[in-house]
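Chemist: Structure file final_17.txt, compact mmCIF, C-alpha atoms (C1' of nucleotides), is pasted below:
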# COMPACT_ATOMS: atom_id res chain seq x y z
CA MET A 1 0.03 -4.54 5.47
CA PRO A 2 -1.14 -3.24 2.23
CA GLU A 3 0.74 -3.36 -1.00
CA LEU A 4 -0.97 -4.81 -4.06
CA PRO A 5 -0.85 -8.46 -2.89
CA GLU A 6 -2.44 -7.77 0.48
CA VAL A 7 -5.05 -5.48 -1.04
CA GLU A 8 -5.84 -8.15 -3.62
CA ALA A 9 -6.21 -10.80 -0.94
CA ILE A 10 -8.53 -8.55 1.05
CA CYS A 11 -10.64 -7.91 -2.04
CA ARG A 12 -10.98 -11.60 -2.83
CA LYS A 13 -12.13 -12.38 0.65
CA LEU A 14 -14.52 -9.42 0.76
CA ARG A 15 -15.98 -10.39 -2.57
CA ARG A 16 -17.28 -13.62 -1.08
CA GLN A 17 -18.43 -12.01 2.14
CA VAL A 18 -20.24 -8.86 1.08
CA THR A 19 -21.29 -9.12 -2.56
CA GLY A 20 -25.03 -8.76 -2.93
CA LEU A 21 -25.64 -7.53 0.62
CA ARG A 22 -27.47 -4.34 1.46
CA ILE A 23 -25.98 -1.72 3.76
CA THR A 24 -28.35 -1.00 6.63
CA GLY A 25 -26.36 1.44 8.73
CA GLY A 26 -22.95 2.70 9.63
CA CYS A 27 -20.75 5.15 11.44
CA VAL A 28 -17.55 7.09 10.87
CA GLU A 29 -15.74 7.09 14.21
CA ARG A 30 -12.89 9.26 12.97
CA PRO A 31 -14.02 11.99 10.59
CA SER A 32 -10.48 12.55 9.30
CA VAL A 33 -10.65 9.29 7.31
CA THR A 34 -13.32 10.72 5.00
CA ARG A 35 -11.80 14.17 4.60
CA PRO A 36 -12.65 16.33 2.75
CA GLN A 37 -16.05 14.66 2.58
CA LYS A 38 -18.43 14.84 5.52
CA PRO A 39 -19.18 11.50 7.16
CA HIS A 40 -22.88 12.16 7.02
CA TRP A 41 -22.73 13.03 3.35
CA ILE A 42 -21.27 9.59 2.68
CA LEU A 43 -23.36 7.57 5.11
CA SER A 44 -26.69 9.01 4.07
CA ARG A 45 -25.99 8.03 0.47
CA VAL A 46 -24.53 4.62 1.21
CA VAL A 47 -27.18 3.30 3.57
CA GLY A 48 -29.86 1.37 1.72
CA ARG A 49 -27.63 0.47 -1.21
CA VAL A 50 -26.50 -2.99 -2.21
CA MET A 51 -22.82 -3.83 -2.62
CA ASP A 52 -22.70 -5.05 -6.18
CA SER A 53 -19.02 -5.87 -6.45
CA VAL A 54 -15.55 -5.36 -5.04
CA GLU A 55 -12.79 -4.23 -7.37
CA ARG A 56 -9.17 -3.27 -6.99
CA ARG A 57 -7.16 -0.66 -8.85
CA GLY A 58 -3.54 -0.51 -7.71
CA LYS A 59 -3.84 -0.23 -3.95
CA HIS A 60 -7.34 1.27 -4.11
CA ILE A 61 -10.37 -0.78 -3.17
CA LEU A 62 -13.56 0.01 -5.04
CA LEU A 63 -16.81 -1.02 -3.44
CA GLN A 64 -19.36 -0.72 -6.25
CA LEU A 65 -22.78 0.13 -4.92
CA SER A 66 -26.20 -0.04 -6.50
CA GLY A 67 -27.11 3.04 -8.50
CA GLY A 68 -23.55 3.50 -9.68
CA TRP A 69 -22.08 4.91 -6.50
CA VAL A 70 -18.57 3.80 -5.57
CA LEU A 71 -17.03 3.72 -2.13
CA LEU A 72 -13.31 4.16 -2.62
CA ILE A 73 -11.01 2.96 0.15
CA HIS A 74 -7.27 3.32 0.48
CA LEU A 75 -5.64 1.44 3.36
CA ARG A 76 -2.33 3.33 3.31
CA MET A 77 0.09 1.91 5.89
CA THR A 78 -1.92 0.10 8.51
CA GLY A 79 -5.48 -0.12 7.26
CA ASN A 80 -7.56 -3.25 6.97
CA LEU A 81 -11.08 -4.15 5.93
CA VAL A 82 -12.76 -7.04 7.68
CA VAL A 83 -16.17 -8.54 8.14
CA VAL A 84 -17.15 -9.05 11.77
CA PRO A 85 -20.14 -10.95 13.19
CA ASP A 86 -21.42 -7.96 15.13
CA VAL A 87 -20.40 -4.29 15.01
CA ARG A 88 -21.21 -3.83 18.67
CA PHE A 89 -18.00 -5.64 19.53
CA ARG A 90 -15.39 -3.73 17.59
CA SER A 91 -11.79 -2.95 18.36
CA PRO A 92 -10.60 0.56 19.27
CA ALA A 93 -8.71 0.84 15.97
CA VAL A 94 -11.99 0.86 14.04
CA ARG A 95 -12.28 4.17 12.21
CA ALA A 96 -15.50 3.47 10.33
CA TRP A 97 -17.97 0.66 9.90
CA LEU A 98 -21.02 -0.34 7.92
CA GLU A 99 -23.73 -2.63 9.10
CA MET A 100 -25.07 -5.11 6.56
CA GLU A 101 -28.36 -6.93 6.27
CA GLY A 102 -28.10 -10.02 8.43
CA GLY A 103 -26.34 -8.03 11.13
CA ARG A 104 -22.71 -8.45 10.24
CA GLY A 105 -20.36 -5.50 9.99
CA LEU A 106 -17.92 -4.37 7.35
CA VAL A 107 -15.23 -2.70 9.39
CA PHE A 108 -12.44 -0.34 8.41
CA GLU A 109 -9.73 -0.58 11.03
CA ASP A 110 -6.57 1.46 10.94
CA PRO A 111 -4.40 2.11 14.02
CA ARG A 112 -2.52 4.99 12.43
CA ALA A 113 -5.64 6.42 10.84
CA LEU A 114 -3.83 7.38 7.67
CA GLY A 115 -6.22 5.43 5.44
CA ARG A 116 -8.88 7.22 3.45
CA MET A 117 -12.44 6.59 2.40
CA ARG A 118 -14.26 8.52 -0.29
CA LEU A 119 -17.59 8.23 -2.06
CA LEU A 120 -17.78 8.77 -5.80
CA ARG A 121 -21.12 9.78 -7.29
CA PRO A 122 -22.43 7.82 -10.30
CA GLY A 123 -20.36 8.58 -13.35
CA GLU A 124 -18.10 10.93 -11.44
CA ASP A 125 -14.81 11.71 -13.05
CA ARG A 126 -12.27 9.51 -11.30
CA THR A 127 -9.23 11.69 -11.55
CA ALA A 128 -7.38 9.99 -8.73
CA LEU A 129 -7.86 6.59 -10.27
CA GLU A 130 -7.05 7.52 -13.81
CA ALA A 131 -3.62 8.70 -12.72
CA VAL A 132 -2.84 5.15 -11.61
CA GLY A 133 -0.42 3.26 -13.83
CA VAL A 134 -0.59 -0.15 -15.48
CA GLU A 135 -1.77 -3.15 -13.47
CA PRO A 136 1.27 -5.40 -13.17
CA LEU A 137 -0.81 -8.57 -12.99
CA SER A 138 -2.86 -7.72 -16.07
CA SER A 139 -2.21 -8.72 -19.66
CA GLU A 140 -1.44 -5.08 -20.47
CA PHE A 141 1.74 -5.27 -18.46
CA THR A 142 3.90 -6.63 -21.26
CA SER A 143 7.63 -6.64 -21.47
CA GLU A 144 7.49 -4.17 -24.37
CA GLN A 145 5.24 -1.83 -22.45
CA PHE A 146 7.51 -1.96 -19.43
CA LEU A 147 10.62 -1.33 -21.54
CA MET A 148 8.90 1.66 -23.05
CA ILE A 149 8.02 3.43 -19.81
CA ALA A 150 11.25 2.39 -18.11
CA SER A 151 13.59 3.72 -20.76
CA ARG A 152 11.83 7.10 -20.64
CA SER A 153 12.49 7.65 -16.93
CA ARG A 154 15.56 8.97 -15.17
CA LEU A 155 14.23 8.04 -11.74
CA PRO A 156 16.24 5.73 -9.48
CA ALA A 157 14.92 2.20 -10.04
CA LYS A 158 13.33 1.82 -6.62
CA LEU A 159 11.48 5.13 -6.82
CA PHE A 160 10.34 4.30 -10.32
CA LEU A 161 8.82 1.02 -9.16
CA MET A 162 7.08 2.71 -6.26
CA ASP A 163 5.60 5.46 -8.41
CA GLN A 164 1.92 4.51 -8.56
CA GLY A 165 1.46 6.46 -11.76
CA ARG A 166 3.83 4.19 -13.65
CA VAL A 167 3.26 0.68 -12.31
CA ALA A 168 0.37 0.33 -9.89
CA GLY A 169 0.60 -1.42 -6.56
CA LEU A 170 4.27 -1.94 -5.76
CA GLY A 171 5.34 -0.62 -2.38
CA ASN A 172 8.47 -0.57 -0.29
CA ILE A 173 8.74 -4.31 0.22
CA TYR A 174 8.00 -5.80 -3.17
CA ALA A 175 9.87 -3.09 -5.06
CA ALA A 176 12.98 -4.00 -3.08
CA GLU A 177 12.43 -7.71 -3.57
CA ALA A 178 11.93 -7.44 -7.33
CA LEU A 179 15.10 -5.38 -7.68
CA PHE A 180 17.06 -7.90 -5.66
CA ARG A 181 15.94 -10.77 -7.85
CA ALA A 182 16.82 -8.82 -10.96
CA GLY A 183 20.22 -7.83 -9.58
CA ILE A 184 19.61 -4.11 -9.98
CA HIS A 185 20.93 -1.48 -7.61
CA PRO A 186 17.98 0.55 -6.22
CA ALA A 187 19.64 3.88 -6.99
CA ARG A 188 20.39 3.08 -10.61
CA PRO A 189 18.62 5.49 -12.99
CA MET A 190 15.98 3.56 -14.85
CA HIS A 191 16.98 4.58 -18.36
CA ARG A 192 20.53 3.34 -17.79
CA ILE A 193 19.53 -0.26 -17.17
CA ARG A 194 20.22 -2.68 -20.03
CA ARG A 195 17.35 -4.08 -21.98
CA ALA A 196 17.93 -7.69 -20.96
CA ARG A 197 17.95 -6.74 -17.30
CA LEU A 198 14.75 -4.74 -17.65
CA GLU A 199 13.11 -7.75 -19.23
CA ALA A 200 14.25 -9.82 -16.29
CA LEU A 201 12.93 -7.20 -13.89
CA HIS A 202 9.57 -7.26 -15.64
CA GLY A 203 9.34 -11.00 -15.03
CA HIS A 204 10.45 -10.70 -11.44
CA ILE A 205 7.86 -8.03 -10.66
CA ILE A 206 5.13 -10.41 -11.80
CA ALA A 207 6.64 -13.40 -9.99
CA VAL A 208 7.11 -11.53 -6.72
CA LEU A 209 3.57 -10.19 -6.78
CA GLU A 210 2.02 -13.52 -7.68
CA GLU A 211 3.88 -15.31 -4.91
CA ALA A 212 2.93 -12.59 -2.45
CA VAL A 213 -0.75 -12.70 -3.45
CA ALA A 214 -0.79 -16.46 -2.84
CA SER A 215 0.91 -15.97 0.50
CA ALA A 216 -1.40 -13.17 1.59
CA GLU A 217 -4.45 -15.13 0.55
CA HIS A 218 -3.40 -18.10 2.67
CA ALA A 219 -2.67 -15.81 5.58
CA TYR A 220 -6.17 -14.31 5.45
CA GLU A 221 -7.94 -17.62 4.96
CA ALA A 222 -6.20 -19.67 7.59
CA PRO A 223 -5.19 -17.68 10.62
CA GLY A 224 -2.27 -19.53 12.05
CA ARG A 225 0.86 -20.81 10.49
CA LEU A 226 1.62 -20.86 6.82
CA LEU A 227 3.42 -23.77 5.26
CA GLU A 228 6.94 -22.88 4.25
CA THR A 229 6.05 -23.37 0.63
CA GLU A 230 3.18 -20.89 0.90
CA GLU A 231 4.84 -18.09 2.77
CA PHE A 232 6.53 -15.25 0.94
CA VAL A 233 9.96 -14.81 2.49
CA CYS A 234 11.79 -11.55 1.91
CA ALA A 235 15.35 -11.81 0.71
CA VAL A 236 16.37 -8.25 1.55
CA TYR A 237 13.50 -6.23 3.03
CA GLY A 238 13.95 -5.71 6.76
CA ARG A 239 17.19 -7.68 6.79
CA ARG A 240 19.78 -5.01 7.37
CA GLY A 241 22.99 -6.53 8.67
CA GLU A 242 22.02 -10.10 7.83
CA HIS A 243 23.99 -12.10 5.32
CA CYS A 244 22.64 -12.33 1.80
CA LEU A 245 21.33 -15.81 1.10
CA ARG A 246 22.84 -15.74 -2.37
CA CYS A 247 26.27 -14.17 -1.92
CA GLY A 248 26.79 -13.88 1.81
CA ARG A 249 27.49 -10.17 1.99
CA CYS A 250 25.71 -7.97 4.51
CA ILE A 251 22.35 -6.51 3.49
CA ARG A 252 22.35 -2.71 3.63
CA ARG A 253 19.73 -0.11 4.28
CA MET A 254 19.77 3.29 2.61
CA PRO A 255 17.28 6.15 2.63
CA GLN A 256 15.48 6.82 -0.63
CA GLY A 257 12.63 9.25 -0.99
CA GLY A 258 12.30 9.40 2.76
CA ARG A 259 11.88 5.63 3.09
CA SER A 260 14.20 2.74 3.79
CA THR A 261 15.58 0.76 0.91
CA TYR A 262 17.13 -2.62 1.58
CA TYR A 263 19.53 -4.21 -0.88
CA CYS A 264 22.51 -6.50 -1.25
CA PRO A 265 25.69 -4.68 -2.29
CA GLY A 266 27.06 -7.90 -3.77
CA CYS A 267 24.10 -8.95 -5.90
CA GLN A 268 22.84 -5.50 -6.90
CA ARG A 269 25.19 -3.19 -8.79
C1' DT B 1 14.04 16.24 -5.21
C1' DC B 2 13.71 17.13 -0.51
C1' DG B 3 11.20 17.74 3.78
C1' DA B 4 7.07 18.19 6.36
C1' DT B 5 2.65 16.35 7.11
C1' DC B 6 -1.03 13.19 8.24
C1' DC B 7 -1.41 9.53 12.71
C1' DT B 8 -0.37 5.85 16.28
C1' DG B 9 2.24 1.96 17.85
C1' DT B 10 6.29 -0.51 18.83
C1' DA B 11 11.17 -1.56 19.23
C1' DG B 12 15.52 -0.17 20.94
C1' DC C 1 13.57 9.21 25.06
C1' DT C 2 14.37 8.46 19.69
C1' DA C 3 13.87 6.01 15.42
C1' DC C 4 11.10 3.81 12.54
C1' DA C 5 6.91 1.72 10.31
C1' DG C 6 4.19 -2.17 4.16
C1' DG C 7 1.68 5.26 1.80
C1' DA C 8 0.68 9.44 -0.43
C1' DT C 9 0.37 14.47 -0.87
C1' DC C 10 1.76 19.11 -0.60
C1' DG C 11 4.72 23.17 -0.79
C1' DA C 12 9.42 25.01 -1.00
Do you think you could lay out the structure here as structure tokens?
Modeler:
Amino acid sequence: MPELPEVEAICRKLRRQVTGLRITGGCVERPSVTRPQKPHWILSRVVGRVMDSVERRGKHILLQLSGGWVLLIHLRMTGNLVVVPDVRFRSPAVRAWLEMEGGRGLVFEDPRALGRMRLLRPGEDRTALEAVGVEPLSSEFTSEQFLMIASRSRLPAKLFLMDQGRVAGLGNIYAAEALFRAGIHPARPMHRIRRARLEALHGHIIAVLEEAVASAEHAYEAPGRLLETEEFVCAVYGRRGEHCLRCGRCIRRMPQGGRSTYYCPGCQR
DNA sequence: TCGATCCTGTAG
DNA sequence: CTACAGGATCGA
């Protein structure tokens, strides 16, 4: 589920559901999700505090609590954060939950249990977060800025886009989709891509993410079917062997950095 | 830069 | 049974 667009959609929904509510209780069902912190260390400090705001930084979710404490959540591959009417009826995939005033629950579910939850003390140095790169949907993500960091890197394009320390929030799907739109081969070293193409890529990154945010937001609001105009449809991701919609050649899959990269050999050179 | 690791579920 | 999954980190 969670690349930047899905995380953003989750944050927007949470913002409306939990802002201003006090935490009255909670439980960590799977201690590994808070490692290396002890569940009790977190819970005892979180209970009684009010959730002031919900922020996002890259794929990190920041639950800002009263007194300056921050509950940091990373959903990794299969995590999700949802509000449920009653924590007594929770699914087996729930790894941790908080009870809020009024009785509803804020639930962290994650079948693979790879997600992480961490509490930052007030004013704590946020090393992990400061290593995160530019927000691609912010005004700081300019074409010039992108050109600058891109031309300095020898990484293959796909790995560059997925490096959270450079651009924050792109994952396996949207990195592949942005490269397809820009006509760039995923293995191409970043610094060898022409300026005009990098500028195009910059625009496509923003477009892909904005479309995906809109799609994810609809999906979370209205469970059920999305209109065709609302749904983000992948052109290459997960389409190995299918014919490219633009040129007709077969979409390929290749391993890169231990993950699958999908691309069109006709459109991306 | 590669591979193993953390985990569980699902598709083939 | 094996391969693979939208992520990130660690050590060789």
Chemist: So that I can check the surroundings of DG7 (chain C), please list as a PyMOL selection string every protein, DNA and RNA residue that reaches within 10 Å of it, counting only C-alpha atoms (C1' of nucleotides) and ignoring chain neighbours fewer than 4 positions away.
Modeler: chain A and resi 2-3+59+74-78+114-115+171-172
Chemist: From the set A:Arg116, A:Arg249, A:Arg197, A:Arg104, which residue has the shortest atom-to-atom contact distance to chain C, counting only C-alpha atoms (C1' of nucleotides)?
Modeler: A:Arg116
Chemist: Hey, can you check how far CA of Tyr237 (chain A) sits from CA of Ser151 (chain A)?
Modeler: 25.8 Å
Chemist: Write out as a PyMOL selection string every residue belonging to chain C that has an atom at most 12 Å from any atom of chain A, counting all atoms listed in the file.
Modeler: chain C and resi 4-9
Chemist: Extract, using all atoms listed in the file, all DNA, RNA and protein residues at most 12 Å from DG12 (chain B), discarding same-chain residues fewer than 5 positions from it, and format them as a list in words.
Modeler: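 That gives DC1, DT2, DA3 and DC4 of chain C.
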Chemist: Leaving out DA12 (chain C) and any residue of its chain fewer than 4 positions from it, which residues lie within 12 Å of it when counting all atoms listed in the file, given as a list in words?
Modeler: DT1, DC2, DG3 and DA4 of chain B
Chemist: Any idea what the distance is between CA of Pro85 (chain A) and CA of Glu221 (chain A)?
Modeler: 16.2 Å
Chemist: With 8 Å as the limit and counting only C-alpha atoms (C1' of nucleotides), what residues in chain B lie close to chain A? Please list them as a compact mmCIF listing (two decimals) with C-alpha atoms (C1' of nucleotides), keeping the file's coordinate frame.
Modeler:
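selection_1.txt, freshly written:
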# COMPACT_ATOMS: atom_id res chain seq x y z
C1' DC B 2 13.71 17.13 -0.51
C1' DC B 6 -1.03 13.19 8.24
C1' DC B 7 -1.41 9.53 12.71
C1' DT B 8 -0.37 5.85 16.28
C1' DG B 9 2.24 1.96 17.85
Chemist: Ranking A:Val70, A:Ile61, A:Arg166, A:Pro265 by minimum distance to Glu124 (chain A) and counting all atoms listed in the file, which one comes first?
Modeler: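 With all atoms listed in the file as the atom set, the closest residue is A:Val70.
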Chemist: Quick one: residues within 8 Å of Val54 (chain A), all atoms listed in the file counted, chain neighbours fewer than 4 positions away excluded, as a short mmCIF file (atom, residue, chain, number, x, y, z; two decimals) with C-alpha atoms, in the frame of the given file?
Modeler:
data_model
loop_
_atom_site.label_atom_id
_atom_site.label_comp_id
_atom_site.auth_asym_id
_atom_site.auth_seq_id
_atom_site.Cartn_x
_atom_site.Cartn_y
_atom_site.Cartn_z
CA CYS A 11 -10.64 -7.91 -2.04
CA LEU A 14 -14.52 -9.42 0.76
CA ARG A 15 -15.98 -10.39 -2.57
CA THR A 19 -21.29 -9.12 -2.56
CA ILE A 61 -10.37 -0.78 -3.17
CA LEU A 62 -13.56 0.01 -5.04
CA LEU A 63 -16.81 -1.02 -3.44
CA GLN A 64 -19.36 -0.72 -6.25
#
